[in-house]
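Visitor: Structure file my_file12.cif (mmCIF, C-alpha atoms) is given on the next line.
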data_data
loop_
_atom_site.group_PDB
_atom_site.id
_atom_site.type_symbol
_atom_site.label_atom_id
_atom_site.label_comp_id
_atom_site.auth_asym_id
_atom_site.auth_seq_id
_atom_site.Cartn_x
_atom_site.Cartn_y
_atom_site.Cartn_z
ATOM 1 C CA MET A 1 132.577 132.924 110.684
ATOM 2 C CA ASP A 2 130.136 130.195 109.671
ATOM 3 C CA GLN A 3 130.697 126.828 111.281
ATOM 4 C CA PRO A 4 131.415 123.899 108.918
ATOM 5 C CA VAL A 5 128.353 121.841 108.038
ATOM 6 C CA THR A 6 128.871 118.124 108.597
ATOM 7 C CA PRO A 7 127.840 116.316 105.390
ATOM 8 C CA ILE A 8 125.226 113.586 105.766
ATOM 9 C CA THR A 9 126.460 110.147 104.800
ATOM 10 C CA GLN A 10 123.573 108.519 102.978
ATOM 11 C CA PRO A 11 123.701 104.686 102.948
ATOM 12 C CA ARG A 12 122.733 103.179 99.610
ATOM 13 C CA GLY A 13 121.873 99.805 98.159
ATOM 14 C CA ASP A 14 121.540 98.402 94.643
ATOM 15 C CA PHE A 15 118.577 97.722 92.376
ATOM 16 C CA ILE A 16 118.952 95.866 89.077
ATOM 17 C CA VAL A 17 116.447 93.960 86.938
ATOM 18 C CA SER A 18 116.352 92.817 83.319
ATOM 19 C CA PRO A 19 113.602 91.386 81.069
ATOM 20 C CA SER A 20 112.404 87.969 82.181
ATOM 21 C CA ARG A 21 113.652 85.001 80.182
ATOM 22 C CA TYR A 22 110.247 83.340 80.338
ATOM 23 C CA PRO A 23 107.538 86.011 79.921
ATOM 24 C CA GLY A 24 103.901 85.026 79.853
ATOM 25 C CA LYS A 25 100.520 85.578 81.427
ATOM 26 C CA GLY A 26 100.944 86.198 85.139
ATOM 27 C CA ARG A 27 104.721 85.971 84.922
ATOM 28 C CA PRO A 28 106.922 88.969 85.819
ATOM 29 C CA ASN A 29 108.179 91.200 83.019
ATOM 30 C CA PHE A 30 111.506 91.764 84.799
ATOM 31 C CA THR A 31 113.534 89.804 87.350
ATOM 32 C CA GLY A 32 116.641 90.680 89.322
ATOM 33 C CA SER A 33 117.631 91.751 92.809
ATOM 34 C CA ILE A 34 117.342 94.571 95.325
ATOM 35 C CA THR A 35 119.625 95.399 98.255
ATOM 36 C CA MET A 36 118.905 97.124 101.558
ATOM 37 C CA PRO A 37 120.667 100.512 101.926
ATOM 38 C CA GLY A 38 124.062 100.260 103.574
ATOM 39 C CA SER A 39 124.162 96.463 103.729
ATOM 40 C CA ASP A 40 124.697 93.324 101.667
ATOM 41 C CA THR A 41 121.142 92.117 102.342
ATOM 42 C CA LYS A 42 120.195 91.203 98.767
ATOM 43 C CA MET A 43 116.805 89.775 97.827
ATOM 44 C CA ARG A 44 115.243 88.507 94.621
ATOM 45 C CA ALA A 45 112.947 90.995 92.902
ATOM 46 C CA SER A 46 110.173 90.433 90.354
ATOM 47 C CA VAL A 47 108.558 93.310 88.447
ATOM 48 C CA TRP A 48 105.273 93.576 86.524
ATOM 49 C CA LYS A 49 104.338 96.343 84.072
ATOM 50 C CA ASN A 50 100.906 97.872 84.747
ATOM 51 C CA GLU A 51 98.694 100.693 83.510
ATOM 52 C CA TYR A 52 95.957 102.875 84.943
ATOM 53 C CA ARG A 53 93.932 105.797 83.620
ATOM 54 C CA ASP A 54 94.339 109.163 85.327
ATOM 55 C CA ASP A 55 90.943 110.291 86.644
ATOM 56 C CA LYS A 56 91.676 113.963 85.957
ATOM 57 C CA THR A 57 93.401 113.890 82.560
ATOM 58 C CA GLY A 58 92.196 110.572 81.164
ATOM 59 C CA GLU A 59 95.811 109.776 80.282
ATOM 60 C CA LEU A 60 96.936 106.147 80.396
ATOM 61 C CA ILE A 61 99.765 105.966 82.947
ATOM 62 C CA THR A 62 102.362 103.187 83.007
ATOM 63 C CA TYR A 63 103.819 102.087 86.323
ATOM 64 C CA TYR A 64 105.631 99.041 87.679
ATOM 65 C CA SER A 65 104.755 96.932 90.696
ATOM 66 C CA GLY A 66 107.184 94.540 92.286
ATOM 67 C CA GLN A 67 107.561 91.835 94.867
ATOM 68 C CA THR A 68 110.684 90.874 96.780
ATOM 69 C CA ALA A 69 111.662 87.640 98.469
ATOM 70 C CA GLU A 70 110.987 87.360 102.187
ATOM 71 C CA TYR A 71 114.590 86.391 102.878
ATOM 72 C CA SER A 72 118.039 87.404 101.703
ATOM 73 C CA TYR A 73 120.531 85.365 99.706
ATOM 74 C CA ASN A 74 122.884 85.947 102.633
ATOM 75 C CA ASP A 75 120.582 84.446 105.280
ATOM 76 C CA SER A 76 121.368 81.066 106.776
ATOM 77 C CA ILE A 77 119.212 78.070 105.875
ATOM 78 C CA GLU A 78 117.466 78.309 109.251
ATOM 79 C CA ASP A 79 116.709 82.026 108.789
ATOM 80 C CA GLN A 80 115.387 81.482 105.268
ATOM 81 C CA LEU A 81 113.047 78.736 106.456
ATOM 82 C CA GLU A 82 111.832 80.929 109.315
ATOM 83 C CA LYS A 83 111.170 83.982 107.117
ATOM 84 C CA ILE A 84 109.138 82.137 104.473
ATOM 85 C CA GLY A 85 105.524 83.265 104.872
ATOM 86 C CA SER A 86 106.454 86.245 107.059
ATOM 87 C CA SER A 87 105.044 88.851 104.638
ATOM 88 C CA ALA A 88 101.520 87.757 105.590
ATOM 89 C CA ASN A 89 102.160 89.317 109.002
ATOM 90 C CA GLY A 90 104.141 92.281 107.671
ATOM 91 C CA LYS A 91 103.016 95.855 108.213
ATOM 92 C CA THR A 92 101.692 98.015 105.371
ATOM 93 C CA LEU A 93 103.619 101.299 105.244
ATOM 94 C CA GLU A 94 102.288 104.607 103.946
ATOM 95 C CA GLU A 95 103.884 107.785 102.635
ATOM 96 C CA ALA A 96 101.907 110.683 101.168
ATOM 97 C CA ASN A 97 99.285 108.986 98.948
ATOM 98 C CA LEU A 98 101.189 105.692 98.654
ATOM 99 C CA SER A 99 100.326 102.534 100.570
ATOM 100 C CA VAL A 100 102.759 99.640 100.119
ATOM 101 C CA LYS A 101 102.353 96.132 101.522
ATOM 102 C CA ALA A 102 105.232 94.177 103.056
ATOM 103 C CA ASN A 103 107.817 92.896 100.553
ATOM 104 C CA ARG A 104 106.279 94.955 97.747
ATOM 105 C CA PHE A 105 107.400 98.040 95.818
ATOM 106 C CA VAL A 106 106.027 100.424 93.196
ATOM 107 C CA ILE A 107 107.919 102.425 90.565
ATOM 108 C CA PHE A 108 106.672 105.389 88.512
ATOM 109 C CA LYS A 109 108.071 107.371 85.600
ATOM 110 C CA ASN A 110 109.886 110.522 86.700
ATOM 111 C CA ASN A 111 107.916 113.326 85.071
ATOM 112 C CA THR A 112 110.424 115.926 86.303
ATOM 113 C CA LYS A 113 113.296 114.288 84.410
ATOM 114 C CA ASP A 114 115.268 116.917 82.505
ATOM 115 C CA TYR A 115 118.078 114.620 81.280
ATOM 116 C CA SER A 116 120.666 117.202 82.245
ATOM 117 C CA VAL A 117 123.951 115.934 83.616
ATOM 118 C CA GLU A 118 124.182 117.116 87.194
ATOM 119 C CA LYS A 119 127.357 118.168 88.926
ATOM 120 C CA HIS A 120 127.901 115.096 91.069
ATOM 121 C CA GLY A 121 127.078 112.370 88.551
ATOM 122 C CA GLU A 122 124.334 111.306 86.220
ATOM 123 C CA GLY A 123 121.098 113.112 85.517
ATOM 124 C CA LYS A 124 117.926 112.557 87.484
ATOM 125 C CA PRO A 125 116.556 108.990 87.596
ATOM 126 C CA ASP A 126 114.176 107.888 84.843
ATOM 127 C CA PHE A 127 111.938 106.277 87.461
ATOM 128 C CA TRP A 128 111.331 106.680 91.185
ATOM 129 C CA GLY A 129 109.627 104.409 93.669
ATOM 130 C CA ARG A 130 109.136 103.149 97.208
ATOM 131 C CA TRP A 131 109.843 99.728 98.715
ATOM 132 C CA ASN A 132 108.479 98.100 101.865
ATOM 133 C CA PRO A 133 111.161 95.533 102.817
ATOM 134 C CA GLY A 134 108.856 93.909 105.380
ATOM 135 C CA HIS A 135 110.512 95.356 108.471
ATOM 136 C CA GLY A 136 111.087 98.802 109.901
ATOM 137 C CA ASP A 137 108.783 101.820 109.934
ATOM 138 C CA LYS A 138 109.957 103.693 106.818
ATOM 139 C CA LEU A 139 109.585 103.007 103.128
ATOM 140 C CA VAL A 140 112.852 102.743 101.209
ATOM 141 C CA ALA A 141 113.314 105.078 98.232
ATOM 142 C CA ILE A 142 114.260 103.659 94.817
ATOM 143 C CA GLY A 143 115.857 105.635 91.963
ATOM 144 C CA VAL A 144 116.120 103.804 88.623
ATOM 145 C CA TRP A 145 117.802 104.486 85.279
ATOM 146 C CA ALA A 146 116.964 102.665 82.023
ATOM 147 C CA ARG A 147 120.163 101.485 80.318
ATOM 148 C CA LYS A 148 121.382 99.065 77.673
ATOM 149 C CA ASN A 149 123.950 96.358 78.301
ATOM 150 C CA LYS A 150 127.059 97.509 76.427
ATOM 151 C CA GLU A 151 127.834 94.007 75.181
ATOM 152 C CA THR A 152 124.389 92.558 74.406
ATOM 153 C CA GLY A 153 122.248 95.673 73.942
ATOM 154 C CA GLN A 154 119.683 94.237 76.369
ATOM 155 C CA LEU A 155 117.550 96.630 78.407
ATOM 156 C CA ILE A 156 118.516 96.925 82.079
ATOM 157 C CA LEU A 157 116.749 98.862 84.812
ATOM 158 C CA SER A 158 119.323 99.649 87.464
ATOM 159 C CA GLY A 159 119.686 102.131 90.271
ATOM 160 C CA GLN A 160 119.956 102.610 93.999
ATOM 161 C CA THR A 161 117.957 102.312 97.178
ATOM 162 C CA GLN A 162 118.189 104.705 100.106
ATOM 163 C CA TYR A 163 116.152 105.921 103.046
ATOM 164 C CA PRO A 164 114.163 109.095 102.232
ATOM 165 C CA LEU A 165 115.585 112.233 103.840
ATOM 166 C CA THR A 166 113.664 114.594 106.088
ATOM 167 C CA LYS A 167 113.346 118.259 105.070
ATOM 168 C CA GLU A 168 116.013 119.135 107.641
ATOM 169 C CA GLU A 169 118.426 116.543 106.212
ATOM 170 C CA VAL A 170 117.806 117.747 102.650
ATOM 171 C CA GLU A 171 118.591 121.311 103.735
ATOM 172 C CA GLN A 172 121.731 120.135 105.535
ATOM 173 C CA MET A 173 122.920 118.317 102.412
ATOM 174 C CA ARG A 174 122.199 121.412 100.306
ATOM 175 C CA MET A 175 124.178 123.611 102.702
ATOM 176 C CA SER A 176 127.104 121.191 102.842
ATOM 177 C CA ASP A 177 127.172 121.073 99.014
ATOM 178 C CA GLN A 178 127.262 124.874 98.855
ATOM 179 C CA GLN A 179 130.089 124.979 101.371
ATOM 180 C CA HIS A 180 131.952 122.279 99.438
ATOM 181 C CA ASP A 181 131.560 124.330 96.245
ATOM 182 C CA ALA A 182 132.939 127.413 97.998
ATOM 183 C CA LEU A 183 135.941 125.470 99.286
ATOM 184 C CA GLU A 184 136.573 124.015 95.824
ATOM 185 C CA THR A 185 136.446 127.496 94.290
ATOM 186 C CA PHE A 186 138.838 128.822 96.918
ATOM 187 C CA GLY A 187 141.206 125.878 96.519
ATOM 188 C CA ASP A 188 141.279 126.173 92.736
ATOM 189 C CA SER A 189 141.772 129.940 92.668
ATOM 190 C CA LYS A 190 145.166 131.284 91.717
ATOM 191 C CA PRO A 191 146.911 134.077 93.649
ATOM 192 C CA ALA A 192 146.647 137.475 92.046
ATOM 193 C CA ALA A 193 149.660 138.597 90.051
ATOM 194 C CA PRO A 194 151.874 140.987 92.028
ATOM 195 C CA ARG A 195 151.409 144.652 91.306
ATOM 196 C CA ARG A 196 154.159 146.354 89.416
ATOM 197 C CA ARG A 197 155.796 149.524 90.658
ATOM 198 C CA GLY A 198 158.061 151.300 88.317
ATOM 199 C CA GLY A 199 158.321 148.283 86.046
ATOM 200 C CA ARG A 200 159.325 145.879 88.854
ATOM 201 C CA ALA A 201 157.311 143.359 90.736
ATOM 202 C CA ALA A 202 156.540 144.406 94.292
#
Could you show the structure in this file as structure tokens?

Guide:
Amino acid sequence: MDQPVTPITQPRGDFIVSPSRYPGKGRPNFTGSITMPGSDTKMRASVWKNEYRDDKTGELITYYSGQTAEYSYNDSIEDQLEKIGSSANGKTLEEANLSVKANRFVIFKNNTKDYSVEKHGEGKPDFWGRWNPGHGDKLVAIGVWARKNKETGQLILSGQTQYPLTKEEVEQMRMSDQQHDALETFGDSKPAAPRRRGGRAA
């Protein structure tokens, strides 16, 4: 009998920005906050809209670059004063063909978006990205959805942050989901009706 697969608990944080109140040359297009996965370490975030031309297709690609504060809202006054200017000494982190400086992030449109509603929640994110929080050795993943404020109709880009999973962890999550589905199917199944013998239930 197969042994139960222990599900991976994936810590998450929040990402939310809205159009800047005071747009202009050099000013960010969006402002808001970003939170470290699994903590209440929230930092200010500023986002700029950018474009570049794809060398292969010639297509004009839109992407977003961002900068985060060097300290958290939750830090003490002493810690905030100490962390100001720390990004100059921060380490640039790389992943695949991305290179992200300390306290910076980049976000791209999700070209694999199929807008289908998945089993465990919303569809795939509209945008994906990577964030270098200025400490640690791994970039933080960002998944973002474009929404409208229900009351004001204003555009909001909101989503989650999390640490990217290794191939082994992705496979473990896939296996645990399959096992969970099997258990759900078993738990929801109804017992078969009793066979009848000579017009009476056995």

Visitor: For the file shown, what are the residues hit by the PyMOL selection byres ((chain A and resi 29) around 9), laid out as number ranges by chain?

Guide: A: 18-24, 27-28, 30-31, 46-49

Visitor: Starting from the shown file, work through the PyMOL selection byres ((chain A and resi 147) around 12) and note down what comes out as a list in words.

Guide: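 So the PyMOL selection byres ((chain A and resi 147) around 12), applied here, picks out Ile16, Val17, Ser18, Pro125, Asp126, Phe127, Val144, Trp145, Ala146, Lys148, Asn149, Lys150, Glu151, Thr152, Gly153, Gln154, Leu155, Ile156, Leu157, Ser158 and Gly159 of chain A.
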
Visitor: Nearest to Ala141 (chain A) among A:Gly26, A:Asp40, A:Ile34, A:Ala69, with distances taken over all atoms listed in the file: which residue is it?

Guide: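 Using all atoms listed in the file, the shortest distance to Ala141 (chain A) belongs to A:Ile34.
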
Visitor: Taking the file as shown, find all residues satisfying the PyMOL selection byres ((chain A and resi 137) around 10) and write them as a ChimeraX atom specification.

Guide: /A:91-94,132-136,138-140

Visitor: Okay, now the selection with C-alpha atoms, as a PDB file, in the frame of the given file?

Guide:
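Listing of out-v6.pdb after writing:
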ATOM      1  CA  LYS A  91     103.016  95.855 108.213  1.00  0.00           C
ATOM      2  CA  THR A  92     101.692  98.015 105.371  1.00  0.00           C
ATOM      3  CA  LEU A  93     103.619 101.299 105.244  1.00  0.00           C
ATOM      4  CA  GLU A  94     102.288 104.607 103.946  1.00  0.00           C
ATOM      5  CA  ASN A 132     108.479  98.100 101.865  1.00  0.00           C
ATOM      6  CA  PRO A 133     111.161  95.533 102.817  1.00  0.00           C
ATOM      7  CA  GLY A 134     108.856  93.909 105.380  1.00  0.00           C
ATOM      8  CA  HIS A 135     110.512  95.356 108.471  1.00  0.00           C
ATOM      9  CA  GLY A 136     111.087  98.802 109.901  1.00  0.00           C
ATOM     10  CA  LYS A 138     109.957 103.693 106.818  1.00  0.00           C
ATOM     11  CA  LEU A 139     109.585 103.007 103.128  1.00  0.00           C
ATOM     12  CA  VAL A 140     112.852 102.743 101.209  1.00  0.00           C
TER      13      VAL A 140
END

Visitor: Would you mind telling me which residue in A:Arg12, A:Lys25, A:Ala102, A:Arg53 lies nearest to Pro164 (chain A) when using all atoms listed in the file?

Guide: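 Ranking A:Arg12, A:Lys25, A:Ala102, A:Arg53 by distance to Pro164 (chain A), first place goes to A:Arg12.
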
Visitor: Between A:Ile142, A:Met36, A:Val106, A:Val100, which residue has the minimum interatomic distance to Ser87 (chain A), considering only C-alpha atoms?

Guide: A:Val100

Visitor: Compare A:Asn97, A:Ser76, A:Gln160, A:Asn89 by their minimum atom-to-atom distance to Trp128 (chain A), counting all atoms listed in the file, and give me the closest one.

Guide: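 Closest residue, counting all atoms listed in the file: A:Gln160.
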
Visitor: Given the choices A:Arg130, A:Gln162, A:Phe108, A:Asn103, which gets closest to Tyr64 (chain A) if the distance is worked out from all atoms listed in the file?

Guide: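 Using all atoms listed in the file, Tyr64 (chain A) sits closest to A:Phe108.
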